[in-house]
Amino acid sequence: MIIFTEKKRRKQLEEYLKKEKQSYTFVTGADSFKKISDTEFTINHSLKDNFGKLFKEISSKVTDELKIISFHSGKKISDKISDEVLQHSGCILILNIIQAISKAKFLKSPQLSIVTENALAINDRDDVSGLISSSLWGMGKVVSLEHPELKCKLIDTDSETGSEYLFKEINSSTGEDQIAFRNNERLAARLIRSKSRQDKIIPIDDKSTYLITGGLGGLGILTAKWLADKGARHLALISRSNNTDPVIDHLDELRSMKAEVRTYKADVTNRDELKTIIEDIRRSGYPLKGIIHSAGVLDDGVILNQSPEKFEKVTGPKVEGAMHLHELTKKDSIDFFVMYSSIASVLGSAGQANHSAANAFLDSLAHYRRHLDLPALSINWGVWSEIGSAAAKGADNQEKIAGIKSINPKQGMSALEKAMMTDTAQIGVMIMDWYKYSGSN
Ligand SMILES: NC(=O)c1ccc[n+]([C@@H]2O[C@H](COP(=O)([O-])OP(=O)(O)OC[C@H]3O[C@@H](n4cnc5c(N)ncnc54)[C@H](OP(=O)(O)O)[C@@H]3O)[C@@H](O)[C@H]2O)c1
């Protein structure tokens with residue numbers, strides 16, 4: 001097996017593997033590729049050619065199925081975590097591993113396991129301290145769809161998880177590919193219909209400001225109208241272009257509903273620009289009480305055609321944008337913090353590894369915030385018709401995920417209201433033919 005890990009985790013893993021007389025090769029991060037011994041290499045995670053060199057060295061010696069394991073420690077997310085760390089949350093490492101596997105000459109396809117630590121909220125007590133690695137869960141689900149030959153396993157551990165449990169799971173062939181360990185109890189992922197009650201009051205009033213990132217986009221402007229309909233009178237809409245021409249009629253409609261609409265030109269990946277807007281709202285006399293984070297871009301491509309740049313383009317507005325909003329407003333008395341995520345992070349969506357990764361982060365951030373007693377809801381939207389980026393590309397009638405039917409604006413807004421009335425961190429909204437979906441998987 002080849003194990004990609006940080007130096008600090010290596011010692012503990014090695015002790016176990018030696019005791020069990022298992023053969024292994026460790027690969028740790030460094031500035032450049034170096035063969036230290038037959039069982040030890042260093043590699044620069046962001047240099048694609050380093051992975052080619054590594055697999056060239058290894059592939060000729062492998063006769064049976066090679067197990068590739070990538071460990072991502074539960075590095076605690078701090079308030080001032082750099083954008084670069086967020087961007088390179090492990091996804092670029094996995095991207096480079098898969099692209100290099102496709103070029104290496106293995107006799108048998110390797111099996112890939114991605115191991116995170118506290119990246120998910122499995123139960124109410126989980127603090128999601130490994131939030132930084134959560135994007136890997138979105139990406140991993142796409143790896144399974146695009147590269148079934150890798151038999152990709154996603155495993156989320158906690159600090160208690162013993163190496164014996166972990167390697168037993170990695171070496172097993174139970175067919176389960178999304179597993180978590182909590183206090184050494186093994187748990188497997190199941191999708192369930194929400195049974196939560198919708199009895200929460202959505203506090204929307206005429207004396208507060210509601211901020212929508214991506215506010216001039218399809219779902220953004222529709223959400224603004226829904227807020228105005230519910231009594232909001234001060235709306236702040238952010239986009240990079242601030243091009244109001246395509247939505248001028250909608251803005252007029254909002255004003256006719258007696259809503260004061262301020263549009264801001266800002267990039268949500270830029271903390272300073274967001275800070276200026278939030279300070280402007282604080283000075284307005286109408287305090288910030290609700291946030292809808294709807295900013296997002298798509299740049300689809302199968303993993304073999306993905307690049308760090310395409311990843312950064314798509315994860316930036318979602319991951320960095322959401323973290324900036326979280327950091328900048330956590331002392332404000334916010335009533336709701338809703339993030340527009342996608343069903344892609346729950347089910348995976350072929351050709352959208354970057355999008356799935358970005359949205360998986362939003363899902364875990366919602367749980368992380370709730371653990372801090374801050375409001376948060378991540379909505380895993382299915383595909384929308386008539387408005388928004390999917391409809392603009394004609395993707396609303398393509399069934400990118402087998403069985404999925406599009407949500408029309410009326411259904412979507414009714415679902416938004418129900419989701420916001422539900423006391424939960426994450427909820428999926430989709431119209432689905434589950435028989436068709438399960439028949440295709
Ligand atoms: N439509 C769907 O079927 C669907 C399904 C699932 C999830 N979603 C999610 O729902 C959200 C809204 O989707 P949509 O369909 O309404 O997309 P959209 O029409 O393309 O709107 C997205 C908006 O985000 C803005 N934006 C992008 N990057 C930004 C940045 N860095 N800083 C500030 N603003 C930025 C865009 O304006 P500029 O380009 O001018 O910045 C645009 O106004 C997205 O997060 C999307 O992933 C949508």
# chains A, B, ... in the order shown; residues from 1 in each chain; ligands from 1

$ residues_near_ligand --ligand "ligand 1" --cutoff "6 Å" --atoms "only C-alpha atoms and all ligand atoms" --output "number ranges by chain"
A: 213-220, 238-242, 266-269, 294-297, 317, 340-342, 381-384, 388-390

$ closest_atom_pairs --of "stretch 269-308 of chain A" --to "stretch 86-105 of chain A" --cutoff "9 Å" --atoms "only C-alpha atoms" --output "CSV"
residue,atom,partner,partner_atom,distance
A:Ile303,CA,A:Leu95,CA,6.8
A:Leu304,CA,A:Gln99,CA,5.6
A:Asn305,CA,A:Gln99,CA,8.6
A:Gln306,CA,A:Leu95,CA,7.6
A:Ser307,CA,A:Leu95,CA,7.8
A:Pro308,CA,A:Ile92,CA,6.2

$ residues_around --residues "stretch 130-142 of chain A" --least-positions-apart "6" --cutoff "8 Å" --atoms "only C-alpha atoms" --output "PyMOL selection string"
chain A and resi 72-77+86+89-91+114+116-120+152-154+344-354+356-361+364-365+368

$ write_last_selection --atoms "N, CA and C atoms" --output "compact mmCIF listing (two decimals), in the first residue's frame"
# COMPACT_ATOMS: atom_id res chain seq x y z
N HIS A 72 -6.01 12.71 5.67
CA HIS A 72 -6.15 14.16 5.82
C HIS A 72 -6.50 14.44 7.27
N SER A 73 -5.57 15.00 7.98
CA SER A 73 -5.77 15.13 9.42
C SER A 73 -6.84 16.16 9.72
N GLY A 74 -7.36 16.09 10.90
CA GLY A 74 -8.40 17.03 11.31
C GLY A 74 -7.79 18.35 11.74
N LYS A 75 -6.95 18.92 10.87
CA LYS A 75 -6.32 20.21 11.19
C LYS A 75 -7.41 21.22 11.56
N LYS A 76 -7.29 21.80 12.72
CA LYS A 76 -8.34 22.70 13.21
C LYS A 76 -8.41 23.95 12.35
N ILE A 77 -9.61 24.33 12.05
CA ILE A 77 -9.80 25.53 11.24
C ILE A 77 -9.73 26.72 12.19
N LEU A 86 -7.43 26.82 2.56
CA LEU A 86 -8.81 26.42 2.27
C LEU A 86 -8.90 25.83 0.88
N SER A 89 -7.52 22.04 0.17
CA SER A 89 -7.96 21.24 1.30
C SER A 89 -7.76 19.75 1.09
N GLY A 90 -6.93 19.38 0.16
CA GLY A 90 -6.70 17.96 -0.11
C GLY A 90 -7.18 17.57 -1.50
N CYS A 91 -8.06 18.40 -2.08
CA CYS A 91 -8.64 18.04 -3.38
C CYS A 91 -7.58 18.02 -4.48
N ILE A 114 -9.86 7.51 0.89
CA ILE A 114 -9.62 8.87 1.36
C ILE A 114 -10.07 8.92 2.82
N THR A 116 -10.52 11.07 6.25
CA THR A 116 -10.56 12.40 6.87
C THR A 116 -10.77 12.24 8.37
N GLU A 117 -10.62 13.32 9.11
CA GLU A 117 -10.85 13.25 10.56
C GLU A 117 -11.81 14.36 10.97
N ASN A 118 -12.94 13.99 11.50
CA ASN A 118 -13.97 14.96 11.96
C ASN A 118 -14.35 15.97 10.89
N ALA A 119 -14.44 15.50 9.65
CA ALA A 119 -14.83 16.41 8.55
C ALA A 119 -16.35 16.50 8.43
N LEU A 120 -17.04 15.54 9.04
CA LEU A 120 -18.50 15.49 8.92
C LEU A 120 -19.17 15.53 10.29
N CYS A 152 -13.38 3.72 -4.82
CA CYS A 152 -13.02 4.77 -3.85
C CYS A 152 -13.84 4.64 -2.55
N LYS A 153 -13.12 4.63 -1.43
CA LYS A 153 -13.78 4.59 -0.12
C LYS A 153 -13.53 5.91 0.59
N LEU A 154 -14.59 6.45 1.18
CA LEU A 154 -14.45 7.66 1.99
C LEU A 154 -14.65 7.25 3.44
N ALA A 344 -25.39 17.74 -5.67
CA ALA A 344 -24.13 17.15 -6.16
C ALA A 344 -23.22 16.73 -5.00
N SER A 345 -23.28 17.46 -3.89
CA SER A 345 -22.39 17.10 -2.77
C SER A 345 -22.93 15.90 -1.98
N VAL A 346 -24.19 15.57 -2.17
CA VAL A 346 -24.77 14.43 -1.46
C VAL A 346 -24.67 13.17 -2.32
N LEU A 347 -25.04 13.30 -3.60
CA LEU A 347 -25.08 12.11 -4.47
C LEU A 347 -23.87 12.03 -5.39
N GLY A 348 -23.12 13.11 -5.49
CA GLY A 348 -22.05 13.17 -6.49
C GLY A 348 -22.68 13.52 -7.84
N SER A 349 -21.90 14.09 -8.73
CA SER A 349 -22.41 14.42 -10.06
C SER A 349 -21.23 14.36 -11.02
N ALA A 350 -21.29 13.38 -11.93
CA ALA A 350 -20.15 13.18 -12.84
C ALA A 350 -19.86 14.47 -13.60
N GLY A 351 -18.60 14.80 -13.71
CA GLY A 351 -18.19 16.01 -14.43
C GLY A 351 -18.21 17.26 -13.56
N GLN A 352 -18.55 17.08 -12.27
CA GLN A 352 -18.65 18.26 -11.39
C GLN A 352 -17.90 18.05 -10.08
N ALA A 353 -16.69 17.50 -10.15
CA ALA A 353 -15.93 17.22 -8.92
C ALA A 353 -15.69 18.51 -8.13
N ASN A 354 -15.38 19.59 -8.85
CA ASN A 354 -15.09 20.86 -8.16
C ASN A 354 -16.35 21.42 -7.49
N SER A 356 -19.05 19.66 -6.57
CA SER A 356 -19.43 18.77 -5.47
C SER A 356 -18.55 19.05 -4.25
N ALA A 357 -17.27 19.26 -4.50
CA ALA A 357 -16.33 19.53 -3.41
C ALA A 357 -16.71 20.83 -2.70
N ALA A 358 -16.97 21.86 -3.49
CA ALA A 358 -17.28 23.18 -2.93
C ALA A 358 -18.54 23.11 -2.06
N ASN A 359 -19.55 22.39 -2.55
CA ASN A 359 -20.81 22.31 -1.82
C ASN A 359 -20.71 21.44 -0.57
N ALA A 360 -19.86 20.41 -0.64
CA ALA A 360 -19.67 19.56 0.56
C ALA A 360 -19.11 20.41 1.69
N PHE A 361 -18.27 21.37 1.35
CA PHE A 361 -17.74 22.26 2.39
C PHE A 361 -18.88 23.05 3.03
N SER A 364 -20.77 20.93 5.55
CA SER A 364 -20.09 20.75 6.83
C SER A 364 -20.00 22.05 7.61
N LEU A 365 -19.85 23.17 6.88
CA LEU A 365 -19.81 24.47 7.56
C LEU A 365 -21.12 24.73 8.32
N TYR A 368 -20.86 22.82 11.43
CA TYR A 368 -19.82 23.45 12.27
C TYR A 368 -20.39 24.68 12.98

$ select_by_dssp --residues "stretch 115-152 of chain A" --states "alpha helix (DSSP H)" --output "list in words"
Ser135, Leu136, Trp137, Gly138, Met139, Gly140, Lys141, Val142, Val143, Ser144, Leu145 and Glu146 of chain A

$ write_last_selection --atoms "N, CA and C atoms" --output "PDB file, in the first residue's frame"
ATOM      1  N   SER A 135     -14.450  19.076   1.886  1.00  0.00           N
ATOM      2  CA  SER A 135     -14.638  19.112   0.428  1.00  0.00           C
ATOM      3  C   SER A 135     -14.317  17.761  -0.204  1.00  0.00           C
ATOM      4  N   LEU A 136     -13.406  17.031   0.434  1.00  0.00           N
ATOM      5  CA  LEU A 136     -12.995  15.742  -0.118  1.00  0.00           C
ATOM      6  C   LEU A 136     -14.160  14.771  -0.232  1.00  0.00           C
ATOM      7  N   TRP A 137     -15.147  14.934   0.636  1.00  0.00           N
ATOM      8  CA  TRP A 137     -16.309  14.040   0.565  1.00  0.00           C
ATOM      9  C   TRP A 137     -17.128  14.310  -0.700  1.00  0.00           C
ATOM     10  N   GLY A 138     -17.224  15.571  -1.075  1.00  0.00           N
ATOM     11  CA  GLY A 138     -17.929  15.890  -2.329  1.00  0.00           C
ATOM     12  C   GLY A 138     -17.145  15.364  -3.506  1.00  0.00           C
ATOM     13  N   MET A 139     -15.850  15.597  -3.475  1.00  0.00           N
ATOM     14  CA  MET A 139     -15.016  15.147  -4.586  1.00  0.00           C
ATOM     15  C   MET A 139     -15.008  13.610  -4.667  1.00  0.00           C
ATOM     16  N   GLY A 140     -14.887  12.960  -3.508  1.00  0.00           N
ATOM     17  CA  GLY A 140     -14.801  11.494  -3.472  1.00  0.00           C
ATOM     18  C   GLY A 140     -16.021  10.828  -4.098  1.00  0.00           C
ATOM     19  N   LYS A 141     -17.193  11.427  -3.908  1.00  0.00           N
ATOM     20  CA  LYS A 141     -18.411  10.834  -4.479  1.00  0.00           C
ATOM     21  C   LYS A 141     -18.373  10.902  -6.009  1.00  0.00           C
ATOM     22  N   VAL A 142     -17.724  11.933  -6.521  1.00  0.00           N
ATOM     23  CA  VAL A 142     -17.588  12.037  -7.979  1.00  0.00           C
ATOM     24  C   VAL A 142     -16.521  11.055  -8.482  1.00  0.00           C
ATOM     25  N   VAL A 143     -15.480  10.844  -7.675  1.00  0.00           N
ATOM     26  CA  VAL A 143     -14.461   9.845  -8.039  1.00  0.00           C
ATOM     27  C   VAL A 143     -15.157   8.491  -8.230  1.00  0.00           C
ATOM     28  N   SER A 144     -16.060   8.148  -7.313  1.00  0.00           N
ATOM     29  CA  SER A 144     -16.771   6.859  -7.407  1.00  0.00           C
ATOM     30  C   SER A 144     -17.573   6.756  -8.701  1.00  0.00           C
ATOM     31  N   LEU A 145     -18.178   7.864  -9.128  1.00  0.00           N
ATOM     32  CA  LEU A 145     -18.991   7.831 -10.355  1.00  0.00           C
ATOM     33  C   LEU A 145     -18.121   7.780 -11.603  1.00  0.00           C
ATOM     34  N   GLU A 146     -17.058   8.589 -11.603  1.00  0.00           N
ATOM     35  CA  GLU A 146     -16.235   8.668 -12.826  1.00  0.00           C
ATOM     36  C   GLU A 146     -15.204   7.545 -12.920  1.00  0.00           C
TER      37      GLU A 146
END

$ closest_residue --among "A:Met339, A:Leu235, A:Leu222, A:Val261" --to "A:Gly412" --atoms "only C-alpha atoms"
A:Leu222

$ closest_residue --among "A:Glu65, A:Asp124, A:Asp199, A:Asp249" --to "A:Asn171" --atoms "only C-alpha atoms"
A:Glu65

$ closest_residue --among "A:Leu17, A:Lys275, A:His293, A:Ala224" --to "A:Ser163" --atoms "only C-alpha atoms"
A:Leu17

$ closest_residue --among "A:Gly428, A:Gly290, A:Gly394, A:Gly301" --to "A:Leu325" --atoms "only C-alpha atoms"
A:Gly290

$ residues_around --residues "A:Ile404" --least-positions-apart "4" --cutoff "8 Å" --atoms "only C-alpha atoms" --output "PyMOL selection string"
chain A and resi 382-383+399-400+430-433+437

$ residues_around --residues "A:Ile202" --least-positions-apart "6" --cutoff "12 Å" --atoms "only C-alpha atoms" --output "PyMOL selection string"
chain A and resi 227+230-232+289-290+334-338+375+416-423

$ write_last_selection --atoms "C-alpha atoms" --output "tab-separated table (two decimals), in the first residue's frame"
chain	number	residue	atom	x	y	z
A	227	LEU	CA	-37.91	37.95	1.22
A	230	LYS	CA	-42.36	38.05	3.55
A	231	GLY	CA	-41.89	41.65	4.72
A	232	ALA	CA	-38.20	42.43	4.18
A	289	LYS	CA	-30.21	39.87	10.30
A	290	GLY	CA	-30.13	37.32	7.53
A	334	ILE	CA	-28.00	36.96	12.77
A	335	ASP	CA	-31.34	35.13	12.53
A	336	PHE	CA	-30.50	32.97	9.53
A	337	PHE	CA	-27.42	32.00	7.53
A	338	VAL	CA	-28.56	29.97	4.55
A	375	PRO	CA	-27.69	29.72	12.87
A	416	LEU	CA	-37.11	27.28	0.71
A	417	GLU	CA	-39.78	28.40	3.13
A	418	LYS	CA	-40.30	24.87	4.44
A	419	ALA	CA	-36.54	24.29	4.73
A	420	MET	CA	-36.08	27.49	6.71
A	421	MET	CA	-38.89	26.48	9.04
A	422	THR	CA	-37.09	23.21	9.77
A	423	ASP	CA	-34.70	23.05	12.68

$ residues_around --residues "A:Thr161" --least-positions-apart "2" --cutoff "12 Å" --atoms "only C-alpha atoms" --output "PDB file with C-alpha atoms, in the first residue's frame"
ATOM      1  CA  GLN A  12       1.433   5.853  14.632  1.00  0.00           C
ATOM      2  CA  LEU A  13       0.452   4.206  11.337  1.00  0.00           C
ATOM      3  CA  VAL A 115      -9.467   9.205   5.135  1.00  0.00           C
ATOM      4  CA  THR A 116     -10.560  12.401   6.867  1.00  0.00           C
ATOM      5  CA  GLU A 117     -10.850  13.252  10.560  1.00  0.00           C
ATOM      6  CA  ASN A 118     -13.965  14.955  11.959  1.00  0.00           C
ATOM      7  CA  ILE A 155     -13.787   7.183   5.684  1.00  0.00           C
ATOM      8  CA  ASP A 156     -14.247   9.838   8.362  1.00  0.00           C
ATOM      9  CA  THR A 157     -12.565   9.059  11.679  1.00  0.00           C
ATOM     10  CA  ASP A 158     -12.413  10.709  15.068  1.00  0.00           C
ATOM     11  CA  SER A 159      -9.425  10.993  17.390  1.00  0.00           C
ATOM     12  CA  SER A 163      -5.510   1.835  13.272  1.00  0.00           C
ATOM     13  CA  GLU A 164      -6.859  -1.728  13.471  1.00  0.00           C
ATOM     14  CA  TYR A 165     -10.409  -0.495  12.691  1.00  0.00           C
ATOM     15  CA  LEU A 166      -9.189   1.748   9.943  1.00  0.00           C
ATOM     16  CA  PHE A 167      -7.078  -0.810   8.085  1.00  0.00           C
ATOM     17  CA  LYS A 168      -9.735  -3.473   8.511  1.00  0.00           C
ATOM     18  CA  GLU A 169     -12.130  -1.120   6.738  1.00  0.00           C
ATOM     19  CA  ALA A 180     -17.476   6.908   9.613  1.00  0.00           C
ATOM     20  CA  PHE A 181     -16.027   5.830  12.923  1.00  0.00           C
ATOM     21  CA  ARG A 182     -17.158   7.435  16.160  1.00  0.00           C
ATOM     22  CA  ASN A 183     -15.733   5.988  19.394  1.00  0.00           C
ATOM     23  CA  ASN A 184     -14.730   2.983  17.272  1.00  0.00           C
ATOM     24  CA  GLU A 185     -18.304   2.344  16.255  1.00  0.00           C
ATOM     25  CA  ARG A 186     -18.603   1.820  12.497  1.00  0.00           C
TER      26      ARG A 186
END

$ select_by_dssp --residues "stretch 256-394 of chain A" --states "strand (DSSP E)" --output "ChimeraX atom specification"
/A:260-265,288-293,336-342,377-381

$ atom_distance --atom1 "atom CA of A:Thr42" --atom2 "atom CA of A:Ala30"
5.7 Å

$ residues_around --residues "A:Leu66" --least-positions-apart "5" --cutoff "12 Å" --atoms "only C-alpha atoms" --output "PyMOL selection string"
chain A and resi 1-3+23-25+55+58-61+101+105-113+150-151+170-171

$ closest_residue --among "A:Gln411, A:Ser32, A:Gln426, A:Ser196" --to "A:Asn380" --atoms "only C-alpha atoms"
A:Gln426
